[in-house]
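Source file: input-v6.txt; contents: compact mmCIF, C-alpha atoms and all ligand atoms.
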# COMPACT_ATOMS: atom_id res chain seq x y z
CA MET A 1 -84.56 1.66 -37.54
CA SER A 2 -85.84 3.49 -34.50
CA GLY A 3 -88.34 1.78 -32.24
CA TYR A 4 -90.82 4.49 -33.10
CA ASN A 5 -90.59 3.90 -36.82
CA ARG A 6 -90.33 0.14 -36.63
CA PRO A 7 -93.54 -1.39 -37.97
CA MET A 8 -95.55 -2.39 -34.92
CA ALA A 9 -97.44 -5.64 -34.85
CA ARG A 10 -101.07 -5.03 -35.62
CA PHE A 11 -103.08 -6.27 -32.71
CA GLU A 12 -106.67 -7.20 -33.06
CA ALA A 13 -109.19 -7.07 -30.26
CA ARG A 14 -111.91 -9.69 -30.34
CA PHE A 15 -114.84 -9.75 -27.93
CA GLY A 16 -114.55 -12.54 -25.40
CA SER A 17 -110.99 -13.42 -26.43
CA ARG A 18 -107.96 -13.38 -24.14
CA GLU A 19 -105.55 -13.78 -27.05
CA LEU A 20 -103.92 -10.46 -26.12
CA PHE A 21 -103.71 -11.53 -22.45
CA PRO A 22 -102.09 -14.96 -22.87
CA ASP A 23 -100.54 -15.08 -19.38
CA LEU A 24 -103.42 -13.57 -17.42
CA GLU A 25 -103.75 -15.88 -14.43
CA PRO A 26 -107.27 -15.43 -13.05
CA ARG A 27 -109.87 -17.56 -14.76
CA ALA A 28 -112.25 -14.60 -14.77
CA TYR A 29 -110.68 -11.14 -14.46
CA LEU A 30 -113.51 -8.87 -13.37
CA ASN A 31 -111.51 -5.96 -12.01
CA HIS A 32 -111.40 -3.33 -14.74
CA ALA A 33 -113.05 -0.85 -12.37
CA ALA A 34 -109.86 -1.14 -10.30
CA MET A 35 -107.06 -1.79 -12.78
CA SER A 36 -106.76 -3.46 -16.17
CA PRO A 37 -104.18 -6.08 -16.94
CA TRP A 38 -101.73 -4.94 -19.62
CA SER A 39 -102.41 -6.42 -23.05
CA LEU A 40 -99.70 -7.58 -25.45
CA ALA A 41 -100.45 -4.46 -27.49
CA VAL A 42 -99.77 -2.20 -24.50
CA ARG A 43 -96.63 -4.11 -23.56
CA GLU A 44 -95.29 -4.08 -27.13
CA ALA A 45 -95.88 -0.31 -27.44
CA MET A 46 -94.07 0.35 -24.18
CA ARG A 47 -91.22 -1.94 -25.20
CA ALA A 48 -90.81 -0.08 -28.52
CA CYS A 49 -90.64 3.18 -26.61
CA MET A 50 -88.13 1.85 -24.09
CA ASP A 51 -85.95 0.34 -26.83
CA ASP A 52 -85.94 3.63 -28.72
CA TYR A 53 -84.94 5.66 -25.65
CA GLY A 54 -82.40 2.96 -24.79
CA ARG A 55 -80.77 3.39 -28.18
CA ARG A 56 -81.13 7.12 -28.80
CA GLY A 57 -81.82 8.88 -25.53
CA LEU A 58 -82.86 12.45 -26.25
CA GLY A 59 -82.83 11.61 -29.97
CA ALA A 60 -85.91 9.48 -29.36
CA PHE A 61 -87.80 12.25 -27.58
CA PHE A 62 -88.70 14.18 -30.71
CA SER A 63 -90.28 11.20 -32.46
CA TRP A 64 -92.32 10.37 -29.39
CA HIS A 65 -93.37 14.00 -29.10
CA GLU A 66 -95.16 13.52 -32.42
CA GLN A 67 -96.86 10.44 -30.99
CA ARG A 68 -98.49 12.60 -28.29
CA LYS A 69 -100.17 14.72 -30.95
CA ARG A 70 -101.48 11.63 -32.68
CA LEU A 71 -102.73 10.31 -29.36
CA LYS A 72 -104.67 13.52 -28.74
CA ASP A 73 -106.36 13.14 -32.15
CA LYS A 74 -107.46 9.65 -31.21
CA LEU A 75 -108.60 10.67 -27.72
CA ALA A 76 -110.72 13.42 -29.24
CA THR A 77 -112.35 10.75 -31.42
CA LEU A 78 -113.26 8.82 -28.28
CA VAL A 79 -114.40 11.63 -26.04
CA GLY A 80 -115.44 14.43 -28.41
CA GLY A 81 -114.09 17.98 -28.51
CA ALA A 82 -110.93 19.03 -30.33
CA PRO A 83 -107.44 17.56 -29.86
CA ASP A 84 -106.21 20.97 -28.68
CA ASP A 85 -108.73 20.84 -25.84
CA LEU A 86 -106.79 17.99 -24.24
CA ALA A 87 -103.84 17.98 -21.86
CA PHE A 88 -101.89 15.09 -20.38
CA VAL A 89 -101.42 14.78 -16.63
CA SER A 90 -100.29 11.87 -14.48
CA SER A 91 -103.56 10.87 -12.82
CA THR A 92 -107.21 11.76 -12.47
CA THR A 93 -106.29 13.24 -9.12
CA GLU A 94 -103.64 15.51 -10.60
CA GLY A 95 -106.06 16.74 -13.26
CA LEU A 96 -108.77 17.55 -10.73
CA VAL A 97 -106.32 19.19 -8.31
CA LYS A 98 -105.04 21.40 -11.12
CA ILE A 99 -108.52 22.47 -12.19
CA ALA A 100 -109.52 23.11 -8.58
CA LEU A 101 -106.45 25.31 -8.03
CA CYS A 102 -106.77 27.22 -11.31
CA PHE A 103 -110.51 27.77 -11.46
CA PRO A 104 -111.32 31.52 -11.36
CA TRP A 105 -112.98 31.39 -7.94
CA GLU A 106 -114.35 34.28 -6.03
CA ARG A 107 -114.53 34.19 -2.27
CA GLY A 108 -117.78 32.62 -1.09
CA ASP A 109 -118.41 30.61 -4.30
CA ARG A 110 -120.31 27.35 -3.76
CA VAL A 111 -119.08 24.00 -5.11
CA VAL A 112 -121.37 20.97 -5.29
CA VAL A 113 -119.77 17.56 -4.63
CA PHE A 114 -121.44 14.19 -4.03
CA ASP A 115 -121.46 11.98 -0.98
CA GLY A 116 -120.63 8.40 -2.01
CA GLU A 117 -118.06 9.42 -4.63
CA PHE A 118 -114.48 8.26 -4.75
CA PRO A 119 -112.46 10.78 -2.68
CA THR A 120 -110.50 11.86 -5.78
CA ASN A 121 -113.42 14.06 -6.72
CA VAL A 122 -113.98 15.52 -3.26
CA THR A 123 -110.57 16.18 -1.72
CA PRO A 124 -109.32 18.72 -4.35
CA TRP A 125 -112.50 20.77 -3.95
CA GLN A 126 -112.20 20.70 -0.17
CA ARG A 127 -108.62 21.96 -0.42
CA ALA A 128 -109.64 24.66 -2.89
CA ALA A 129 -112.44 25.61 -0.50
CA GLU A 130 -109.91 26.15 2.25
CA LEU A 131 -107.53 28.10 0.05
CA TYR A 132 -110.10 30.32 -1.68
CA GLU A 133 -112.76 30.46 1.06
CA LEU A 134 -115.41 28.56 -0.86
CA GLU A 135 -118.43 26.71 0.47
CA ILE A 136 -118.78 22.99 -0.20
CA VAL A 137 -122.34 21.74 -0.73
CA MET A 138 -122.55 17.97 -0.46
CA LEU A 139 -125.46 16.20 -2.14
CA SER A 140 -126.18 12.48 -2.15
CA ALA A 141 -125.05 10.45 -5.17
CA SER A 142 -127.04 7.39 -4.10
CA GLU A 143 -130.27 9.39 -4.09
CA PHE A 144 -130.00 9.50 -7.90
CA ARG A 145 -130.06 5.71 -7.97
CA VAL A 146 -132.99 5.44 -5.58
CA ASP A 147 -135.15 8.32 -6.83
CA GLU A 148 -133.70 10.32 -9.69
CA GLU A 149 -136.53 12.84 -9.83
CA ARG A 150 -136.17 13.71 -6.15
CA ALA A 151 -132.38 13.92 -6.49
CA LEU A 152 -132.70 16.27 -9.48
CA ARG A 153 -135.11 18.43 -7.50
CA ARG A 154 -132.61 18.75 -4.68
CA PHE A 155 -129.90 19.44 -7.24
CA SER A 156 -131.91 22.30 -8.75
CA GLU A 157 -132.67 23.68 -5.29
CA ALA A 158 -128.93 23.77 -4.59
CA LEU A 159 -128.31 25.55 -7.91
CA GLU A 160 -130.97 28.13 -7.08
CA ARG A 161 -128.99 29.14 -4.00
CA GLY A 162 -126.08 29.98 -6.30
CA VAL A 163 -123.40 27.48 -7.35
CA ARG A 164 -120.20 28.14 -9.27
CA LEU A 165 -119.15 24.58 -10.10
CA VAL A 166 -120.47 21.02 -9.83
CA ALA A 167 -117.97 18.15 -9.53
CA VAL A 168 -119.39 14.74 -10.37
CA SER A 169 -118.31 11.31 -11.62
CA THR A 170 -119.96 9.94 -14.74
CA ILE A 171 -120.10 6.52 -13.07
CA GLU A 172 -120.27 6.00 -9.31
CA PHE A 173 -117.36 3.73 -8.41
CA GLN A 174 -119.19 1.72 -5.78
CA THR A 175 -122.60 1.18 -7.35
CA GLY A 176 -121.83 1.47 -11.05
CA PHE A 177 -124.68 3.97 -11.40
CA ARG A 178 -124.35 6.29 -14.38
CA MET A 179 -125.15 9.84 -13.34
CA PRO A 180 -127.43 11.86 -15.67
CA VAL A 181 -124.57 14.13 -16.75
CA LEU A 182 -126.46 15.75 -19.63
CA GLU A 183 -129.39 16.63 -17.36
CA LEU A 184 -126.98 17.97 -14.72
CA SER A 185 -125.05 20.05 -17.24
CA LEU A 186 -128.24 21.54 -18.71
CA ARG A 187 -129.37 22.59 -15.24
CA CYS A 188 -125.89 23.87 -14.36
CA HIS A 189 -125.62 26.03 -17.45
CA ALA A 190 -129.14 27.40 -17.04
CA ALA A 191 -128.14 28.47 -13.53
CA GLY A 192 -124.76 29.90 -14.58
CA ALA A 193 -122.71 27.06 -13.03
CA GLU A 194 -120.04 24.89 -14.66
CA ILE A 195 -119.62 21.13 -14.51
CA CYS A 196 -116.44 19.12 -14.01
CA VAL A 197 -116.59 15.37 -14.62
CA ASP A 198 -114.42 12.49 -13.42
CA ALA A 199 -114.81 9.94 -16.23
CA ILE A 200 -112.41 7.22 -15.08
CA GLN A 201 -115.12 4.70 -14.17
CA GLY A 202 -116.70 4.74 -17.60
CA LEU A 203 -114.65 6.04 -20.47
CA GLY A 204 -113.56 3.10 -22.61
CA ALA A 205 -116.64 1.00 -21.90
CA VAL A 206 -119.40 3.62 -21.77
CA PRO A 207 -119.94 5.91 -24.77
CA MET A 208 -119.49 9.57 -23.81
CA ASP A 209 -119.17 12.86 -25.64
CA VAL A 210 -118.12 16.05 -23.90
CA VAL A 211 -119.87 18.26 -26.42
CA VAL A 212 -123.16 16.35 -26.55
CA GLU A 213 -123.24 16.08 -22.74
CA GLY A 214 -122.30 19.71 -22.18
CA ILE A 215 -119.25 18.90 -20.05
CA ASP A 216 -117.02 21.88 -19.24
CA TYR A 217 -114.09 19.94 -17.77
CA LEU A 218 -113.41 16.22 -17.92
CA VAL A 219 -110.59 14.25 -16.34
CA CYS A 220 -109.80 10.59 -16.94
CA GLY A 221 -107.01 8.22 -15.93
CA SER A 222 -105.90 5.31 -18.10
CA HIS A 223 -105.48 2.27 -15.89
CA LYS A 224 -109.11 1.19 -15.58
CA TRP A 225 -111.58 1.09 -18.48
CA MET A 226 -109.08 2.67 -20.89
CA MET A 227 -107.00 -0.49 -20.33
CA ALA A 228 -103.62 1.22 -20.39
CA ILE A 229 -101.34 1.90 -17.42
CA ASP A 230 -101.25 4.10 -14.35
CA GLY A 231 -99.21 7.31 -14.52
CA ILE A 232 -100.96 8.80 -17.55
CA ALA A 233 -104.31 10.62 -17.62
CA PHE A 234 -105.86 13.50 -19.51
CA VAL A 235 -107.93 16.62 -18.99
CA TYR A 236 -110.46 18.09 -21.41
CA ALA A 237 -111.52 21.74 -21.36
CA ALA A 238 -112.86 23.74 -24.30
CA ALA A 239 -110.76 26.73 -25.37
CA ASP A 240 -112.88 29.39 -23.63
CA LYS A 241 -112.96 27.45 -20.35
CA ALA A 242 -109.22 26.80 -20.48
CA ALA A 243 -108.48 30.45 -21.19
CA ALA A 244 -110.47 31.52 -18.14
CA LEU A 245 -108.40 29.33 -15.78
CA ARG A 246 -105.75 31.09 -13.71
CA PRO A 247 -102.47 29.34 -14.41
CA TYR A 248 -101.35 28.91 -10.80
CA VAL A 249 -99.95 25.45 -11.55
CA ALA A 250 -97.94 26.53 -14.61
CA GLY A 251 -94.38 25.26 -14.98
CA TRP A 252 -91.55 25.68 -17.43
CA LEU A 253 -93.35 23.78 -20.20
CA SER A 254 -96.51 25.89 -19.82
CA HIS A 255 -94.99 28.94 -21.56
CA GLU A 256 -95.27 29.77 -25.25
CA SER A 257 -92.21 28.31 -27.06
CA PRO A 258 -90.99 26.71 -23.84
CA VAL A 259 -88.01 24.93 -25.37
CA ALA A 260 -86.72 27.79 -27.54
CA PHE A 261 -83.88 28.44 -25.07
CA LEU A 262 -82.75 24.83 -25.44
CA LEU A 263 -83.02 24.58 -29.23
CA GLU A 264 -82.65 28.02 -30.75
CA GLY A 265 -79.37 29.45 -29.58
CA PRO A 266 -78.42 32.27 -27.23
CA GLY A 267 -80.72 35.05 -26.06
CA ASN A 268 -83.74 32.78 -25.71
CA LEU A 269 -83.56 32.12 -21.99
CA ARG A 270 -86.41 34.30 -20.77
CA TYR A 271 -88.95 34.08 -18.00
CA ASP A 272 -91.54 36.43 -19.44
CA ARG A 273 -92.94 34.31 -22.23
CA PRO A 274 -96.73 34.16 -21.83
CA ILE A 275 -98.34 31.09 -20.36
CA ARG A 276 -100.31 29.27 -23.05
CA THR A 277 -104.04 29.88 -22.81
CA GLY A 278 -105.08 26.42 -24.05
CA ILE A 279 -105.61 23.62 -21.55
CA ASP A 280 -102.20 22.18 -22.43
CA PHE A 281 -100.66 24.74 -20.05
CA LEU A 282 -101.41 21.98 -17.51
CA GLU A 283 -98.57 20.02 -19.11
CA SER A 284 -96.25 21.94 -16.86
CA GLY A 285 -93.23 19.62 -16.80
CA SER A 286 -91.99 16.38 -18.36
CA PHE A 287 -94.47 13.54 -18.36
CA SER A 288 -94.61 9.87 -19.19
CA THR A 289 -93.72 8.99 -22.77
CA VAL A 290 -94.13 5.31 -21.99
CA GLY A 291 -97.57 6.11 -20.59
CA CYS A 292 -98.59 7.82 -23.84
CA ALA A 293 -97.33 4.86 -25.85
CA ALA A 294 -99.34 2.48 -23.67
CA LEU A 295 -102.45 4.62 -23.89
CA GLU A 296 -102.36 4.82 -27.67
CA ALA A 297 -102.02 1.05 -27.97
CA SER A 298 -105.00 0.37 -25.72
CA LEU A 299 -107.05 3.15 -27.29
CA ASP A 300 -106.47 1.66 -30.75
CA LEU A 301 -108.09 -1.53 -29.53
CA LEU A 302 -111.02 0.32 -27.93
CA LEU A 303 -111.63 2.30 -31.12
CA GLN A 304 -111.38 -0.87 -33.21
CA LEU A 305 -114.28 -2.34 -31.23
CA SER A 306 -116.11 0.97 -30.50
CA PRO A 307 -117.35 2.09 -27.07
CA GLU A 308 -120.96 1.35 -28.10
CA ALA A 309 -120.20 -2.28 -28.93
CA ILE A 310 -118.03 -2.65 -25.80
CA PHE A 311 -120.91 -1.35 -23.68
CA ASP A 312 -123.24 -3.91 -25.27
CA HIS A 313 -120.76 -6.74 -24.76
CA VAL A 314 -120.10 -5.88 -21.13
CA ASN A 315 -123.79 -5.42 -20.37
CA GLY A 316 -124.62 -8.69 -22.12
CA TYR A 317 -122.19 -10.34 -19.70
CA LEU A 318 -123.73 -8.59 -16.69
CA ASP A 319 -127.27 -9.38 -17.89
CA MET A 320 -126.38 -13.06 -17.56
CA LEU A 321 -124.44 -12.81 -14.30
CA GLU A 322 -126.78 -10.54 -12.35
CA PRO A 323 -129.93 -12.76 -12.11
CA LYS A 324 -127.87 -15.81 -11.15
CA LEU A 325 -126.32 -13.96 -8.21
CA VAL A 326 -129.68 -12.49 -7.22
CA GLN A 327 -130.98 -16.07 -7.09
CA LEU A 328 -128.23 -16.83 -4.57
CA GLY A 329 -129.57 -14.10 -2.26
CA PHE A 330 -127.56 -11.06 -3.41
CA GLU A 331 -129.18 -7.68 -3.84
CA SER A 332 -128.11 -6.01 -7.08
CA LEU A 333 -127.47 -2.27 -7.22
CA ARG A 334 -127.49 -2.25 -11.03
CA SER A 335 -130.14 -0.04 -12.53
CA ALA A 336 -132.90 -1.54 -14.66
CA LYS A 337 -132.49 1.41 -17.06
CA ARG A 338 -129.88 1.13 -19.79
CA GLU A 339 -128.96 4.82 -19.61
CA GLN A 340 -128.12 4.42 -15.90
CA ARG A 341 -125.82 1.43 -16.46
CA SER A 342 -122.08 1.11 -16.84
CA GLY A 343 -119.62 -1.80 -16.89
CA ILE A 344 -120.01 -2.35 -13.16
CA LEU A 345 -122.27 -4.81 -11.36
CA SER A 346 -122.24 -4.27 -7.59
CA LEU A 347 -124.18 -6.46 -5.21
CA ALA A 348 -124.88 -6.44 -1.50
CA PRO A 349 -124.27 -9.98 -0.22
CA PRO A 350 -126.88 -11.84 1.83
CA THR A 351 -127.01 -10.40 5.38
CA ASP A 352 -124.87 -13.06 7.00
CA VAL A 353 -122.16 -13.01 4.32
CA ASP A 354 -119.05 -10.84 4.54
CA ALA A 355 -118.25 -9.35 1.11
CA ARG A 356 -114.52 -9.15 1.75
CA ALA A 357 -114.32 -12.77 2.93
CA LEU A 358 -116.32 -13.86 -0.11
CA GLN A 359 -114.11 -11.86 -2.48
CA LYS A 360 -111.02 -13.54 -1.01
CA ALA A 361 -112.59 -16.98 -1.19
CA ILE A 362 -113.56 -16.70 -4.86
CA ALA A 363 -110.13 -15.27 -5.69
CA GLU A 364 -108.75 -18.67 -4.61
CA ALA A 365 -110.86 -20.16 -7.39
CA GLY A 366 -109.51 -17.65 -9.92
CA ILE A 367 -112.40 -15.18 -9.86
CA PHE A 368 -111.01 -11.69 -9.42
CA CYS A 369 -113.35 -8.92 -8.33
CA THR A 370 -113.23 -6.31 -5.56
CA ALA A 371 -115.33 -5.57 -2.48
CA PRO A 372 -115.41 -1.78 -2.03
CA ASP A 373 -117.08 -0.86 1.22
CA GLY A 374 -119.12 -4.02 1.68
CA TYR A 375 -120.31 -4.68 -1.88
CA LEU A 376 -119.10 -7.33 -4.28
CA ARG A 377 -118.15 -5.49 -7.48
CA PHE A 378 -117.72 -7.20 -10.86
CA SER A 379 -116.33 -5.23 -13.78
CA PRO A 380 -115.77 -7.14 -17.05
CA HIS A 381 -114.43 -5.61 -20.27
CA TRP A 382 -114.16 -6.66 -23.88
CA PRO A 383 -111.87 -9.69 -23.30
CA ASN A 384 -114.29 -11.34 -20.86
CA ALA A 385 -116.19 -14.27 -22.35
CA LEU A 386 -119.71 -15.36 -21.49
CA ASP A 387 -118.56 -18.91 -20.76
CA GLU A 388 -116.78 -17.61 -17.63
CA ILE A 389 -120.10 -16.83 -15.98
CA GLU A 390 -120.98 -20.39 -15.04
CA HIS A 391 -117.68 -20.68 -13.20
CA VAL A 392 -118.12 -17.30 -11.47
CA VAL A 393 -121.55 -18.30 -10.16
CA ALA A 394 -120.40 -21.78 -9.08
CA SER A 395 -117.45 -20.25 -7.19
CA VAL A 396 -119.64 -17.71 -5.42
CA GLU A 397 -122.16 -20.42 -4.48
CA ALA A 398 -119.42 -22.70 -3.19
CA SER A 399 -117.85 -19.90 -1.11
CA ILE A 400 -120.95 -18.42 0.48
CA THR A 401 -120.87 -20.75 3.49
CA ALA A 402 -117.17 -20.10 4.11
CA ALA A 403 -117.80 -16.34 4.04
CA SER A 404 -120.78 -16.55 6.36
CA THR A 405 -120.52 -14.62 9.62
CA GLY A 406 -123.28 -16.73 11.15
CA ALA A 407 -125.19 -13.53 11.92
CA ARG A 408 -128.47 -14.48 10.32
C1 LIG E 501 -114.27 7.53 -9.65
C2 LIG E 501 -112.79 7.44 -9.43
N1 LIG E 501 -112.02 8.53 -9.62
C3 LIG E 501 -110.69 8.49 -9.44
C4 LIG E 501 -110.03 7.33 -9.05
C5 LIG E 501 -108.56 7.39 -8.85
O1 LIG E 501 -107.94 7.91 -9.99
P1 LIG E 501 -106.39 8.31 -10.03
O2 LIG E 501 -105.66 7.27 -9.25
O3 LIG E 501 -106.08 8.33 -11.50
O4 LIG E 501 -106.25 9.64 -9.42
C6 LIG E 501 -110.80 6.16 -8.86
C7 LIG E 501 -110.24 4.86 -8.50
O5 LIG E 501 -109.10 4.57 -8.30
C8 LIG E 501 -112.21 6.21 -9.06
O6 LIG E 501 -112.97 5.14 -8.90
Take the structure from the file and write it as structure tokens.
Ligand SMILES: Cc1ncc(COP(=O)(O)O)c(C=O)c1O
Amino acid sequence: MSGYNRPMARFEARFGSRELFPDLEPRAYLNHAAMSPWSLAVREAMRACMDDYGRRGLGAFFSWHEQRKRLKDKLATLVGGAPDDLAFVSSTTEGLVKIALCFPWERGDRVVVFDGEFPTNVTPWQRAAELYELEIVMLSASEFRVDEERALRRFSEALERGVRLVAVSTIEFQTGFRMPVLELSLRCHAAGAEICVDAIQGLGAVPMDVVVEGIDYLVCGSHKWMMAIDGIAFVYAAADKAAALRPYVAGWLSHESPVAFLLEGPGNLRYDRPIRTGIDFLESGSFSTVGCAALEASLDLLLQLSPEAIFDHVNGYLDMLEPKLVQLGFESLRSAKREQRSGILSLAPPTDVDARALQKAIAEAGIFCTAPDGYLRFSPHWPNALDEIEHVVASVEASITAASTGAR
């Protein structure tokens, strides 16, 4: 029996249970905003794929090709839109680079990006600006957290000057702030601009819907909140948006009937077959079958639990952790408004405490978080249990003195 057809173990995700992570070493793994550990479900799916290719080589490819279609159906359930509006790429970066290169720019077009964002969502637009002679307009992402009304005013003022595209992350990687994507998209569309969203810091733990939120393009990698592996990501674009892209990044697999010359006998090797007009023209060459297997396995678990319930679980965890750390002298960046929250709790440490030193010290005690640019960032997911919190707080308290710079 092929690995693909072999009945796979049915894995069950349970909130607060590490059953599917039996060898996860940290006592509290709070790093899903950086990278998820790989669950037994993900590992088993990859193993089945590897075994099948090991046994059948190319013979396995065709079965796993079917799996990609099934995966797109499931991704569309998570993110909205139609399965045909999705394309696989290798990373969030690759997806954004491809959109930036293929967008139907005209010289002088303005692109809005946000200061404070992860560079993934700035660099491709800067490069496109150089190539196509565009103007980059940089607005402040943190202003939305501090004063959303003022930030929206500035946003509208920028749109009034004429903007072609806005590139924004649903969740700011450093602060965990959820940007008002629906409000931004409404204003964009009213002003004739389009909106491209980097969803990697939310999708999987924050409910989203491309149609409801009016998103024109969305890109998301799999190794954070989607809880799969690096090397596989996807792009969403509705049919009309995809058709308007210029296929400058097309490759051999972007053509109509791209494999006819390999499967259908002589006379089929041609270079004039049209490039597909759907967004899957971005699937320009071979890509990771193992990645797709991993992503389906993790997605099955996310869908079992539902993004809404995951959001509640994660925010229940953060609701308990946040006040305890504030009591220790930390300043929380987490919004008081539910609609501005994500799975991330970031805190500025007390003035004399170095976040990086503190992060290292608590890692010794089995508490894994990160310290991007001076903040302590905690990012739990569905396997994190509330009874970890006491230990997290005790470890932080015990390490504060060691991480002190003495600069009070
Ligand atoms: C908001 C955001 N976008 C993109 C990335 C990087 O994504 P990729 O490595 O898939 O390009 C990160 C973090 O690694 C991130 O926080």
Original post:
Skipping near chain neighbours, those fewer than 4 positions away, what residues fall within 10 Å of region 69-78 of chain A using all atoms listed in the file, listed as a list in words?
Top reply: Trp64, His65, Ala82, Pro83, Asp84, Asp85, Leu86, Ala87, Phe88, Leu203, Gly204, Pro207, Met208, Asp209, Val210, Phe234, Tyr236, Cys292, Ala293, Leu295, Glu296, Ala297, Leu299, Asp300, Leu302, Leu303, Ser306 and Pro307 of chain A
Quick one: contact table of chain A to ligand LIG 501 (chain E), 7 Å max, nearest atom pair and distance in Å to one decimal per residue, counting only C-alpha atoms and all ligand atoms, chain and number order, as CSV?
residue,atom,partner,partner_atom,distance
A:Ala33,CA,E:LIG501,O6,6.9
A:Ala34,CA,E:LIG501,O5,6.1
A:Ser91,CA,E:LIG501,O3,3.8
A:Thr92,CA,E:LIG501,O3,3.7
A:Thr93,CA,E:LIG501,O4,3.6
A:Glu94,CA,E:LIG501,O4,6.5
A:Glu117,CA,E:LIG501,C1,6.6
A:Phe118,CA,E:LIG501,C1,5.0
A:Thr120,CA,E:LIG501,C3,5.0
A:Asn121,CA,E:LIG501,N1,6.4
A:Ser169,CA,E:LIG501,C1,5.9
A:Ile171,CA,E:LIG501,C1,6.8
A:Glu172,CA,E:LIG501,C1,6.2
A:Phe173,CA,E:LIG501,O6,4.6
A:Asp198,CA,E:LIG501,N1,6.0
A:Ile200,CA,E:LIG501,N1,5.6
A:Gln201,CA,E:LIG501,C1,5.4
A:Cys220,CA,E:LIG501,O3,7.0
A:Gly221,CA,E:LIG501,O3,4.5
A:Ala233,CA,E:LIG501,O3,6.8
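You will find CA of Ser404 (chain A) at 23.5 Å from CA of Ser379 (chain A).
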Original post:
Please, what distance in Å, to one decimal, runs between CA of Arg273 (chain A) and CA of Ser254 (chain A)?
Top reply: 9.5 Å
Subject >> Atomic distance CA of Val212 (chain A) - CA of Val113 (chain A), expressed in Å with one decimal >> reply: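 Those two atoms sit 22.2 Å apart.
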Subject >> Contacts of region 313-316 of chain A within 6 Å, only C-alpha atoms, excl. fewer than 2 positions in-chain, as a ChimeraX atom specification >> reply: /A:310-311,318-319,343,381
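Closest to Phe330 (chain A) among A:Glu397, A:Ser298, A:Cys102, A:Leu282 is A:Glu397, based on all atoms listed in the file.
Shortest separation to Gly214 (chain A) among A:Glu194, A:Glu44, A:Glu12, A:Glu339 occurs at residue A:Glu194, atoms counted being only C-alpha atoms.
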Set up a box along x, y and z of the file covering all listed atoms of region 177-190 of chain A, add 6 Å on every one of the six sides, and write the centre and edge lengths in Å to one decimal, as JSON.
{"center_x": -126.9, "center_y": 15.7, "center_z": -15.5, "size_x": 17.0, "size_y": 35.4, "size_z": 20.2}
**OP:** Name the residues in contact with region 16-28 of chain A at a cut-off of 8 Å, using only C-alpha atoms, excluding same-chain residues fewer than 3 positions from it; report them as a ChimeraX atom specification.
**Re:** /A:11,13,37-41,363,365-368,382-386,388,392
Could you dump the residues just selected with C-alpha atoms as a compact mmCIF listing (two decimals), keeping the file's coordinate frame?
# COMPACT_ATOMS: atom_id res chain seq x y z
CA PHE A 11 -103.08 -6.27 -32.71
CA ALA A 13 -109.19 -7.07 -30.26
CA PRO A 37 -104.18 -6.08 -16.94
CA TRP A 38 -101.73 -4.94 -19.62
CA SER A 39 -102.41 -6.42 -23.05
CA LEU A 40 -99.70 -7.58 -25.45
CA ALA A 41 -100.45 -4.46 -27.49
CA ALA A 363 -110.13 -15.27 -5.69
CA ALA A 365 -110.86 -20.16 -7.39
CA GLY A 366 -109.51 -17.65 -9.92
CA ILE A 367 -112.40 -15.18 -9.86
CA PHE A 368 -111.01 -11.69 -9.42
CA TRP A 382 -114.16 -6.66 -23.88
CA PRO A 383 -111.87 -9.69 -23.30
CA ASN A 384 -114.29 -11.34 -20.86
CA ALA A 385 -116.19 -14.27 -22.35
CA LEU A 386 -119.71 -15.36 -21.49
CA GLU A 388 -116.78 -17.61 -17.63
CA VAL A 392 -118.12 -17.30 -11.47
**OP:** Kindly indicate which residue among A:Phe155, A:Tyr271, A:Phe114, A:Trp125 lies nearest to Val168 (chain A), using only C-alpha atoms for the distances.
**Re:**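 Nearest candidate to Val168 (chain A) out of A:Phe155, A:Tyr271, A:Phe114, A:Trp125: A:Phe114.
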With N, CA, C and O atoms as the target, complete region 172-177 of chain A and hand it back as a compact mmCIF listing (two decimals), in the coordinates of the input.
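Result written to selection.txt:
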# COMPACT_ATOMS: atom_id res chain seq x y z
N GLU A 172 -120.61 6.13 -10.73
CA GLU A 172 -120.27 6.00 -9.31
C GLU A 172 -119.47 4.72 -9.10
O GLU A 172 -119.91 3.63 -9.50
N PHE A 173 -118.31 4.85 -8.46
CA PHE A 173 -117.36 3.73 -8.41
C PHE A 173 -117.89 2.53 -7.64
O PHE A 173 -117.55 1.39 -7.91
N GLN A 174 -118.77 2.78 -6.67
CA GLN A 174 -119.19 1.72 -5.78
C GLN A 174 -120.43 0.99 -6.31
O GLN A 174 -120.53 -0.23 -6.21
N THR A 175 -121.33 1.75 -6.91
CA THR A 175 -122.60 1.18 -7.35
C THR A 175 -122.66 0.94 -8.85
O THR A 175 -123.52 0.20 -9.33
N GLY A 176 -121.78 1.59 -9.60
CA GLY A 176 -121.83 1.47 -11.05
C GLY A 176 -122.91 2.33 -11.68
O GLY A 176 -123.14 2.28 -12.90
N PHE A 177 -123.58 3.14 -10.88
CA PHE A 177 -124.68 3.97 -11.40
C PHE A 177 -124.14 5.08 -12.30
O PHE A 177 -123.18 5.77 -11.94
